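> Structure file data_5.cif (mmCIF, C-alpha atoms and all ligand atoms) right here:
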data_coords
loop_
_atom_site.label_atom_id
_atom_site.label_comp_id
_atom_site.auth_asym_id
_atom_site.auth_seq_id
_atom_site.Cartn_x
_atom_site.Cartn_y
_atom_site.Cartn_z
CA MET A 1263 181.88 35.40 41.60
CA VAL A 1264 184.28 37.06 43.99
CA THR A 1265 185.61 35.39 47.10
CA LEU A 1266 185.74 37.81 49.98
CA THR A 1267 186.64 37.62 53.64
CA ARG A 1268 185.04 39.62 56.37
CA LYS A 1269 186.59 39.84 59.80
CA PHE A 1270 184.95 41.07 62.98
CA THR A 1271 185.20 40.60 66.72
CA VAL A 1272 183.05 38.32 68.83
CA ILE A 1273 182.84 38.52 72.58
CA PRO A 1274 182.33 35.13 74.21
CA ASP A 1275 181.32 34.98 77.86
CA GLN A 1276 183.41 33.23 80.50
CA GLN A 1277 181.90 29.79 79.89
CA GLN A 1278 182.10 30.05 76.12
CA SER A 1279 185.70 31.17 76.17
CA GLU A 1280 186.60 28.23 78.41
CA VAL A 1281 185.01 25.84 75.93
CA LEU A 1282 186.72 27.57 73.01
CA TRP A 1283 190.07 27.23 74.71
CA GLU A 1284 189.50 23.53 75.35
CA LEU A 1285 188.52 22.93 71.73
CA SER A 1286 191.57 24.86 70.62
CA GLU A 1287 193.77 22.85 72.97
CA THR A 1288 192.45 19.60 71.47
CA CYS A 1289 193.25 20.81 67.96
CA ARG A 1290 196.67 21.99 69.08
CA LEU A 1291 197.47 18.58 70.58
CA LEU A 1292 196.42 16.84 67.40
CA TYR A 1293 198.50 19.25 65.34
CA ASN A 1294 201.57 18.66 67.47
CA HIS A 1295 201.13 14.88 67.48
CA ALA A 1296 200.65 14.82 63.72
CA LEU A 1297 203.75 16.95 63.31
CA ALA A 1298 205.71 14.67 65.63
CA GLU A 1299 204.58 11.67 63.60
CA ARG A 1300 205.79 13.25 60.38
CA LYS A 1301 209.10 14.25 61.92
CA PHE A 1302 209.65 10.81 63.51
CA LEU A 1303 208.87 8.86 60.35
CA TYR A 1304 211.09 11.08 58.28
CA ASP A 1305 214.01 11.12 60.71
CA SER A 1306 214.07 7.40 61.50
CA TYR A 1307 212.76 5.74 58.33
CA ASN A 1308 213.17 8.52 55.76
CA LYS A 1309 209.49 8.06 55.01
CA ARG A 1310 206.99 10.77 54.15
CA ILE A 1311 203.44 10.55 55.39
CA THR A 1312 200.62 12.28 53.53
CA TYR A 1313 197.54 14.13 54.67
CA LYS A 1314 195.38 11.23 53.46
CA ASP A 1315 197.20 8.75 55.72
CA GLN A 1316 196.77 10.96 58.75
CA GLN A 1317 193.13 11.61 57.97
CA ASN A 1318 192.42 7.89 57.57
CA ALA A 1319 193.89 7.27 61.01
CA LEU A 1320 191.46 9.72 62.63
CA PRO A 1321 188.59 7.28 63.40
CA HIS A 1322 191.05 4.99 65.16
CA ILE A 1323 192.51 7.87 67.15
CA LYS A 1324 189.06 9.03 68.15
CA LYS A 1325 188.27 5.55 69.46
CA LEU A 1326 191.46 5.47 71.53
CA PHE A 1327 191.22 9.06 72.78
CA PRO A 1328 187.62 10.22 73.19
CA ARG A 1329 188.86 13.76 73.68
CA TYR A 1330 189.15 14.22 69.92
CA LYS A 1331 185.45 13.51 69.54
CA GLN A 1332 184.63 16.78 71.27
CA VAL A 1333 185.66 18.89 68.31
CA TYR A 1334 183.50 19.03 65.21
CA SER A 1335 184.88 16.45 62.75
CA LYS A 1336 185.55 18.91 59.93
CA VAL A 1337 187.52 21.16 62.26
CA ILE A 1338 189.76 18.24 63.22
CA GLN A 1339 190.32 17.47 59.54
CA MET A 1340 191.17 21.10 58.82
CA THR A 1341 193.76 20.96 61.60
CA LEU A 1342 195.57 18.19 59.76
CA LYS A 1343 195.12 20.06 56.50
CA LYS A 1344 196.74 23.11 58.03
CA LEU A 1345 199.80 21.05 58.91
CA ASP A 1346 199.85 19.63 55.40
CA ALA A 1347 199.65 23.14 53.94
CA ALA A 1348 202.51 24.28 56.18
CA TYR A 1349 204.67 21.42 54.91
CA ARG A 1350 203.73 22.11 51.31
CA SER A 1351 204.72 25.75 51.55
CA PHE A 1352 207.95 24.73 53.29
CA PHE A 1353 208.90 22.29 50.50
CA GLY A 1354 207.78 24.79 47.88
CA LEU A 1355 210.10 27.44 49.29
CA LEU A 1356 212.95 24.93 49.53
CA LYS A 1357 212.43 23.97 45.91
CA SER A 1358 212.50 27.59 44.80
CA GLY A 1359 215.92 27.95 46.38
CA ASP A 1360 215.09 29.67 49.66
CA HIS A 1361 217.34 27.92 52.16
CA THR A 1362 216.53 30.17 55.10
CA THR A 1363 213.07 28.63 55.45
CA ARG A 1364 212.32 26.44 58.47
CA PRO A 1365 210.01 23.41 58.71
CA PRO A 1366 206.71 23.79 60.61
CA SER A 1367 207.19 23.97 64.35
CA PHE A 1368 205.22 22.83 67.37
CA ARG A 1369 202.54 25.14 68.69
CA GLY A 1370 202.89 26.51 72.19
CA LYS A 1371 200.15 26.20 74.75
CA ASN A 1372 199.77 29.94 75.24
CA TYR A 1373 198.47 30.46 71.75
CA PHE A 1374 194.90 29.91 70.69
CA PHE A 1375 194.70 27.40 67.87
CA THR A 1376 192.46 28.65 65.07
CA LEU A 1377 189.25 26.66 64.70
CA CYS A 1378 188.45 26.34 61.03
CA TYR A 1379 184.90 25.41 60.04
CA ASN A 1380 184.98 24.48 56.35
CA GLN A 1381 181.67 24.16 54.48
CA SER A 1382 179.75 22.80 57.48
CA GLY A 1383 179.49 22.86 61.25
CA PHE A 1384 178.02 26.34 61.50
CA ALA A 1385 174.52 27.74 61.15
CA ILE A 1386 174.07 31.33 60.05
CA THR A 1387 170.87 33.31 60.45
CA GLN A 1388 170.36 36.98 59.73
CA HIS A 1389 171.86 38.12 63.01
CA THR A 1390 173.63 35.15 64.56
CA ILE A 1391 176.08 32.36 63.91
CA GLN A 1392 176.21 29.09 65.81
CA PHE A 1393 179.02 26.55 65.88
CA SER A 1394 178.71 22.79 66.38
CA HIS A 1395 180.83 20.93 68.89
CA LYS A 1396 180.50 17.96 71.22
CA HIS A 1397 182.03 19.35 74.35
CA PRO A 1398 180.46 17.68 77.43
CA SER A 1399 179.49 21.04 78.94
CA LYS A 1400 177.02 21.49 76.04
CA THR A 1401 177.61 25.24 76.02
CA GLU A 1402 175.96 27.00 73.12
CA LEU A 1403 178.49 28.73 70.88
CA LEU A 1404 176.14 31.39 69.57
CA PHE A 1405 177.45 34.79 68.54
CA PRO A 1406 175.87 37.89 67.01
CA VAL A 1407 176.84 38.75 63.43
CA PRO A 1408 177.06 42.41 62.35
CA PHE A 1409 176.36 41.71 58.65
CA ASP A 1410 173.71 39.72 56.87
CA PHE A 1411 175.34 36.62 55.37
CA THR A 1412 172.15 34.82 54.37
CA THR A 1413 172.19 36.33 50.86
CA VAL A 1414 175.69 35.06 50.02
CA VAL A 1415 177.35 31.64 49.92
CA VAL A 1416 179.49 31.17 53.02
CA LYS A 1417 182.41 28.85 52.33
CA GLN A 1418 184.41 28.85 55.52
CA VAL A 1419 184.44 30.36 58.98
CA GLU A 1420 187.54 30.71 61.11
CA LEU A 1421 187.44 31.47 64.80
CA PHE A 1422 190.67 32.73 66.29
CA GLN A 1423 192.14 34.85 69.01
CA ASP A 1424 194.59 37.63 68.45
CA HIS A 1425 197.42 36.93 70.84
CA TYR A 1426 198.25 40.60 71.05
CA ASP A 1427 194.94 42.13 72.13
CA GLN A 1428 193.40 38.88 73.44
CA ARG A 1429 190.23 39.46 71.45
CA TYR A 1430 188.37 36.81 69.53
CA TYR A 1431 187.72 37.24 65.84
CA LEU A 1432 185.60 35.57 63.21
CA ALA A 1433 186.79 35.50 59.61
CA ILE A 1434 183.98 34.59 57.25
CA VAL A 1435 184.91 33.60 53.72
CA TYR A 1436 182.04 33.95 51.27
CA GLU A 1437 181.29 34.21 47.59
CA GLN A 1438 179.46 37.11 46.12
CA ASP A 1439 178.06 37.75 42.64
CA SER A 1440 179.77 40.48 40.65
CA PRO A 1441 178.98 42.25 37.36
CA VAL A 1442 180.35 40.56 34.23
CA TYR A 1443 183.52 42.06 32.85
CA VAL A 1444 183.24 43.72 29.43
CA ASP A 1445 186.19 45.14 27.53
CA ASN A 1446 185.06 48.74 26.87
CA GLY A 1447 188.15 49.66 24.83
CA LEU A 1448 189.60 51.83 27.58
CA TYR A 1449 192.77 50.86 29.36
CA GLN A 1450 194.79 52.20 32.22
CA ALA A 1451 198.34 51.07 32.86
CA PHE A 1452 199.97 51.40 36.25
CA ASP A 1453 203.53 51.56 37.32
CA LEU A 1454 203.53 50.92 41.04
CA GLY A 1455 206.45 52.45 42.85
CA ILE A 1456 207.75 52.97 46.35
CA THR A 1457 207.01 56.67 46.56
CA LYS A 1458 204.35 57.13 43.90
CA HIS A 1459 202.02 55.25 41.60
CA THR A 1460 201.85 56.44 38.00
CA ALA A 1461 199.01 55.67 35.64
CA VAL A 1462 198.61 56.32 31.94
CA ASN A 1463 195.63 55.93 29.61
CA LEU A 1464 195.38 55.52 25.83
CA GLN A 1465 195.45 59.31 25.34
CA SER A 1466 198.80 59.24 27.16
CA LYS A 1467 197.38 61.32 29.98
CA PHE A 1468 199.25 60.71 33.17
CA PHE A 1469 197.85 60.40 36.61
CA GLU A 1470 200.07 60.32 39.62
CA SER A 1471 199.41 59.72 43.25
CA THR A 1472 201.93 59.72 46.02
CA VAL A 1473 202.14 56.78 48.35
CA LYS A 1474 201.67 57.62 51.97
CA ARG A 1475 204.51 56.32 54.06
CA PRO A 1476 203.48 55.89 57.69
CA ASP A 1477 206.64 53.83 58.20
CA LYS A 1478 208.71 56.96 57.56
CA TYR A 1479 206.96 58.65 60.43
CA TRP A 1480 207.26 55.69 62.78
CA GLN A 1481 210.76 54.59 61.86
CA PRO A 1482 212.70 56.95 64.20
CA ARG A 1483 210.42 56.04 67.09
CA VAL A 1484 210.86 52.35 66.42
CA GLN A 1485 214.61 52.73 66.26
CA SER A 1486 214.91 54.67 69.50
CA LEU A 1487 212.66 52.19 71.28
CA GLN A 1488 214.73 49.30 69.94
CA GLN A 1489 217.91 50.93 71.17
CA ARG A 1490 216.51 51.52 74.63
CA ARG A 1491 215.19 48.01 74.79
CA ASP A 1492 218.51 46.51 73.77
CA HIS A 1493 220.15 48.19 76.78
CA CYS A 1494 217.87 46.31 79.16
CA LYS A 1495 218.41 42.83 80.46
CA LYS A 1496 216.45 40.26 78.53
CA HIS A 1497 213.17 39.11 80.13
CA SER A 1498 213.39 41.93 82.67
CA ARG A 1499 210.36 44.07 83.41
CA ARG A 1500 211.67 47.02 81.42
CA HIS A 1501 212.61 44.83 78.48
CA ARG A 1502 209.10 43.44 78.38
CA LEU A 1503 207.63 46.92 78.60
CA PHE A 1504 209.68 48.21 75.70
CA SER A 1505 208.87 45.15 73.61
CA GLN A 1506 205.21 45.69 74.24
CA ARG A 1507 205.37 49.32 73.19
CA LEU A 1508 207.40 48.41 70.12
CA ARG A 1509 204.83 45.85 69.04
CA SER A 1510 202.03 48.31 69.49
CA ILE A 1511 203.81 50.89 67.32
CA GLN A 1512 204.62 48.38 64.60
CA ARG A 1513 201.01 47.29 64.60
CA LYS A 1514 199.82 50.82 64.29
CA CYS A 1515 202.17 51.47 61.38
CA ALA A 1516 201.02 48.34 59.56
CA ASN A 1517 197.38 49.23 60.11
CA GLN A 1518 197.86 52.73 58.77
CA THR A 1519 199.59 51.42 55.66
CA LYS A 1520 196.82 48.92 55.07
CA ASP A 1521 194.11 51.50 55.60
CA TRP A 1522 195.75 53.83 53.11
CA GLN A 1523 196.05 51.07 50.54
CA HIS A 1524 192.36 50.28 50.84
CA LYS A 1525 191.42 53.90 50.31
CA GLN A 1526 193.84 54.47 47.46
CA SER A 1527 192.86 51.39 45.49
CA LYS A 1528 189.22 52.29 45.93
CA ASN A 1529 189.83 55.83 44.67
CA PHE A 1530 191.78 54.59 41.66
CA LEU A 1531 188.91 52.42 40.53
CA LYS A 1532 186.32 55.06 41.20
CA ASN A 1533 188.15 57.65 39.12
CA THR A 1534 188.88 55.59 36.05
CA LYS A 1535 186.45 54.83 33.23
CA ALA A 1536 188.65 52.03 31.97
CA ASN A 1537 187.42 48.51 32.58
CA THR A 1538 190.86 47.01 32.15
CA ILE A 1539 193.65 47.96 34.50
CA ILE A 1540 197.15 46.78 33.73
CA VAL A 1541 199.67 46.56 36.52
CA GLY A 1542 203.35 45.93 36.14
CA GLU A 1543 204.50 43.47 38.73
CA LEU A 1544 207.39 44.63 40.79
CA SER A 1545 209.23 41.84 42.49
CA PRO A 1546 211.11 43.05 45.56
CA LYS A 1547 213.82 40.47 44.94
CA GLN A 1548 214.59 42.00 41.58
CA MET A 1549 214.65 45.49 43.02
CA THR A 1550 217.00 44.75 45.86
CA ALA A 1551 219.41 42.80 43.68
CA GLY A 1552 222.63 44.67 43.17
CA THR A 1553 225.70 45.54 45.12
CA LEU A 1554 225.70 49.30 44.81
CA LYS A 1555 226.26 51.12 48.07
CA TYR A 1556 223.68 53.86 47.69
CA GLN A 1557 220.98 51.27 47.21
CA LYS A 1558 220.87 50.67 50.93
CA SER A 1559 218.18 53.22 51.69
CA VAL A 1560 216.16 52.24 48.65
CA ASN A 1561 216.28 48.63 49.76
CA ARG A 1562 214.84 49.52 53.10
CA GLY A 1563 212.05 51.38 51.36
CA VAL A 1564 211.18 48.40 49.23
CA HIS A 1565 211.13 46.03 52.16
CA ASN A 1566 209.18 48.22 54.49
CA THR A 1567 206.42 49.00 52.07
CA GLY A 1568 206.83 45.57 50.54
CA HIS A 1569 203.08 45.55 50.51
CA LEU A 1570 202.86 46.22 46.79
CA GLY A 1571 201.74 42.64 46.32
CA ARG A 1572 198.92 43.27 48.74
CA PHE A 1573 198.06 46.50 46.97
CA ILE A 1574 197.60 44.55 43.73
CA GLU A 1575 195.44 42.05 45.60
CA LEU A 1576 193.21 44.79 46.97
CA LEU A 1577 192.98 46.40 43.56
CA THR A 1578 192.07 43.06 41.97
CA TYR A 1579 189.20 42.17 44.23
CA LYS A 1580 187.80 45.69 44.35
CA ALA A 1581 187.91 45.78 40.55
CA GLN A 1582 186.09 42.46 40.33
CA LEU A 1583 183.29 43.82 42.48
CA LEU A 1584 182.86 46.67 39.97
CA GLY A 1585 183.00 44.40 36.90
CA LYS A 1586 186.51 45.56 36.03
CA ARG A 1587 189.61 43.50 35.58
CA VAL A 1588 193.19 43.85 36.77
CA ILE A 1589 195.84 42.24 34.60
CA VAL A 1590 199.30 41.78 36.04
CA ILE A 1591 202.13 41.70 33.53
CA ASP A 1592 205.86 41.31 33.88
CA GLU A 1593 207.41 44.74 34.10
CA ARG A 1594 210.99 43.64 33.61
CA ALA A 1595 213.05 46.21 31.68
CA THR A 1596 210.10 48.61 31.36
CA SER A 1597 211.90 51.37 33.20
CA LYS A 1598 215.13 50.90 31.25
CA THR A 1599 213.54 50.99 27.79
CA CYS A 1600 212.82 54.25 26.02
CA ALA A 1601 209.08 54.74 25.64
CA VAL A 1602 209.38 56.32 22.20
CA CYS A 1603 212.24 54.72 20.27
CA GLY A 1604 212.64 51.50 22.26
CA HIS A 1605 216.31 52.00 23.00
CA LYS A 1606 217.32 49.97 26.04
CA LYS A 1607 219.71 51.34 28.59
CA ILE A 1608 222.09 48.84 30.10
CA HIS A 1609 222.46 50.58 33.41
CA LEU A 1610 219.96 52.89 35.06
CA PRO A 1611 220.46 53.43 38.79
CA LEU A 1612 217.37 53.61 40.95
CA SER A 1613 218.36 57.05 42.20
CA GLU A 1614 217.92 58.57 38.74
CA ARG A 1615 214.37 59.82 38.61
CA LEU A 1616 214.52 61.26 35.09
CA TYR A 1617 214.76 59.05 32.03
CA HIS A 1618 216.91 60.64 29.35
CA CYS A 1619 217.34 58.83 26.07
CA GLU A 1620 220.57 59.51 24.18
CA ILE A 1621 219.17 58.23 20.91
CA CYS A 1622 215.93 60.19 20.48
CA GLY A 1623 216.38 62.84 23.14
CA LEU A 1624 213.38 61.81 25.19
CA ALA A 1625 213.42 63.21 28.68
CA ILE A 1626 210.60 61.98 30.84
CA ASP A 1627 209.87 61.07 34.41
CA ARG A 1628 211.18 57.59 35.07
CA ASP A 1629 207.88 56.20 36.32
CA GLN A 1630 205.89 57.73 33.48
CA ASN A 1631 208.28 56.09 31.05
CA ALA A 1632 207.70 52.75 32.74
CA ALA A 1633 203.93 53.20 32.69
CA VAL A 1634 204.01 53.90 28.94
CA ASN A 1635 206.09 50.78 28.37
CA ILE A 1636 203.74 48.65 30.43
CA MET A 1637 200.81 49.88 28.36
CA LYS A 1638 202.70 49.22 25.11
CA ARG A 1639 203.65 45.73 26.22
CA PHE A 1640 200.11 44.88 27.20
CA LEU A 1641 198.59 46.16 23.93
CA SER A 1642 201.10 44.37 21.73
CA HIS A 1643 200.91 41.11 23.71
CA ASN A 1644 197.16 41.04 23.30
CA ALA A 1645 197.28 42.16 19.66
CA LEU A 1646 195.05 45.19 20.31
CA TRP A 1647 196.49 47.01 17.30
CA THR A 1648 193.94 49.83 16.99
CA GLY A 1649 194.56 50.77 20.59
CA TYR A 1650 198.27 50.37 20.01
CA GLN A 1651 198.31 52.80 17.08
CA GLN A 1652 196.19 55.28 18.98
CA PHE A 1653 198.50 55.06 21.95
CA LEU A 1654 201.67 55.39 19.87
CA SER A 1655 200.49 58.60 18.22
CA ALA A 1656 199.47 59.97 21.62
CA VAL A 1657 202.89 59.15 23.03
CA ALA A 1658 204.67 60.75 20.09
CA ASN A 1659 202.78 64.00 20.71
CA LEU A 1660 204.02 64.21 24.27
CA ARG A 1661 206.11 67.19 25.14
CA TYR A 1662 209.17 66.56 27.18
CA THR A 1663 210.59 68.45 30.04
CA VAL A 1664 214.34 68.97 30.15
CA ASN A 1665 215.74 70.86 33.13
CA GLY A 1666 212.35 72.39 33.87
CA LYS A 1667 211.84 73.59 30.25
CA THR A 1668 209.21 72.04 28.04
CA THR A 1669 210.60 71.01 24.70
CA VAL A 1670 209.63 68.90 21.74
CA PRO A 1671 212.01 66.01 21.11
CA PRO A 1672 214.34 66.74 18.18
CA TYR A 1673 213.29 63.74 16.10
CA LEU A 1674 209.71 65.06 16.09
CA ILE A 1675 210.79 68.42 14.68
CA ASP A 1676 212.83 66.62 11.98
CA ARG A 1677 209.94 64.42 10.95
CA GLY A 1678 207.60 67.39 10.92
CA SER A 1679 209.82 69.34 8.54
CA THR A 1680 210.24 66.45 6.11
CA ASN A 1681 206.49 65.81 6.02
CA SER A 1682 205.45 69.36 5.22
ZN ZN B 1 214.60 57.01 22.83
#
As a first step, turn the structure in this file into C-alpha cells.
Ligand SMILES: [Zn+2]


Amino acid sequence: MVTLTRKFTVIPDQQQSEVLWELSETCRLLYNHALAERKFLYDSYNKRITYKDQQNALPHIKKLFPRYKQVYSKVIQMTLKKLDAAYRSFFGLLKSGDHTTRPPSFRGKNYFFTLCYNQSGFAITQHTIQFSHKHPSKTELLFPVPFDFTTVVVKQVELFQDHYDQRYYLAIVYEQDSPVYVDNGLYQAFDLGITKHTAVNLQSKFFESTVKRPDKYWQPRVQSLQQRRDHCKKHSRRHRLFSQRLRSIQRKCANQTKDWQHKQSKNFLKNTKANTIIVGELSPKQMTAGTLKYQKSVNRGVHNTGHLGRFIELLTYKAQLLGKRVIVIDERATSKTCAVCGHKKIHLPLSERLYHCEICGLAIDRDQNAAVNIMKRFLSHNALWTGYQQFLSAVANLRYTVNGKTTVPPYLIDRGSTNS
C-alpha cells in the first residue's frame, strides 16, 4: 500500500465559488476563535486546552451559532485538528531547541481557508466528485475529475485556492496497491550531494548524475529585482509590481527544481536492477555548521537546493510503486572516512573534492568515497556478510586517479608481491 496525493485544478462557476468562499470563511472564523480561546486560556490562567475539549464544545457552538451548521461536520472538525497540528509542530520545534519558531497566527480574511474532507463528505464517481454541505443556497458542488479514483481507496480530499494564481485546486489523498518488496541481493548506495548524486553497486561500479540547478540561473535575476524593489517606497505601485515579478520568478525556479527531481528520481529507479536503494541522509544543519569563511557560498547552495529531503521522499514513494525499497541511513562521517582502510580524517573542508588518504594512499572522488562508505555501513549494519565480502574485494580492485593519472594504491602492490 502506497499513499499518494494527486493535485489538479477545478473551475467553479460564480455561484459555486461564492458558496466555497462562505464555507471557507466559516472555517476561518472557527479557526480564529479556537486559536483565541487557546491563547486566552493560556495567557490568563496558564491552562492548556486540547483538541478533544474544543471538539466536544462543537455541538453547543452549533446550537448558539447556526452558521457553523452550514459546513459539513467533518470539515469543521478538521479545522480544529489543523489548529491542533499547528500547535503540536510549534511545541515540537520549541522542544528541539528552535527558538525562532512562532506560535500559530490568526488567518486573514483575504486567504481562502482550505476545506478538508476526511474519510467522508464527498462522493466520487468515474468522472466527477461531489461535496456535501448545508449552505442555504443549496448549490451543488460538483466538479469533473480528470482521473478515475473509483479503483483506489480515497482517504481525504482537500479543496483550496492558491492565493497567487487565484485558482482552485483539489488534492486527493488515496491508497494504492503496490508490488511486494523482495530482497534480490542487489544493492545501490547513494550519496546525495549539492552538485551531483553518486551511486555505487556491489561491483563497485559508480554512477554519477549532475544535479540541475535552476536556482543558479535565476539567482542573478532575483537579486537585481530585489535591489530595484528595495529602492522603491513600500506599498507603492512600483514596489508591488516588483514584488509580484519576484514571486513569479521564485515560483518558476521552485517548479523547475521540483520537476527535475521528479524526472531524476524516476530515471534512477528505472535504470537500476537493485531492489534495495540505500541513501545517506544529509542534514543541512550539519552541513552548514562551521565558522569557516569560504563556507559561505556552499551554505547558500545547501539552503537553496535544500530539497534533498524532498528528493528522498520522491525516491521513496516511486520505489514503493515499483516494489523497491529506499533505506535512509545516517551518513555522518562517511565522507571523512577512508573507503579502503577506514582511516578517519579529523578535518576535511567541503571545498576539497578529492579524498586523499595518507595511510593507504587512496585517492578517490570525495562523493564516491562517501557512497562506498554508505554501502559498507549498510551491509555491516544488516549483517549481509556475503555481500560485504563481495563489495570489499570489488573496492580493493579499484584503481585510483592521482593528478589525472590512474594508479594502483601502493598497499595493493605490496600485498600482491607477498602473495605471489
Ligand atoms: Zn586509507

> So which residues are near ligand ZN 1 (chain B), meaning at most 6 Å away with all atoms listed in the file counted, given back as a PyMOL selection string?

chain A and resi 1600+1602-1605+1619+1621-1622+1624

> I need the residue nearest His1569 of chain A from this list: A:Ser1597, A:Gln1332, A:Gln1582, A:Thr1519. Use only C-alpha atoms for the distance.

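Among the listed residues, A:Thr1519 lies closest to His1569 of chain A.
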
> I'd like the contact shell of Thr1271 of chain A - 12 Å cut-off, all atoms listed in the file, skipping same-chain residues fewer than 4 positions apart - returned as a PyMOL selection string.

chain A and resi 1405-1408+1420-1424+1427-1434

> Residues within 7 Å of segment 1373-1382 of chain A, please, as a list in words. Count all atoms listed in the file; anything in the same chain fewer than 5 positions from it doesn't count.

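Those residues are Trp1283, Ser1286, Glu1287, Cys1289, Arg1290, Lys1336, Val1337, Met1340, Lys1417, Gln1418, Val1419, Glu1420, Leu1421, Phe1422, Gln1423 and His1425 of chain A.
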
> Work out how far atom CA of Leu1282 of chain A is from atom CA of Tyr1426 of chain A, in Å to one decimal.

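Taking atom CA of Tyr1426 of chain A as the start and atom CA of Leu1282 of chain A as the end point, the length is 17.5 Å.
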
> Could you state the separation of atom CA of Phe1352 of chain A and atom CA of Thr1267 of chain A in Å, given to one decimal place?

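Atom-to-atom, atom CA of Phe1352 of chain A and atom CA of Thr1267 of chain A are spaced 24.9 Å apart.
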
> From the options A:Gln1526, A:Gly1447, A:Lys1495, A:Arg1513, which residue's atoms come nearest to Lys1474 of chain A, counting all atoms listed in the file?

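For Lys1474 of chain A, the nearest of the given residues is A:Gln1526.
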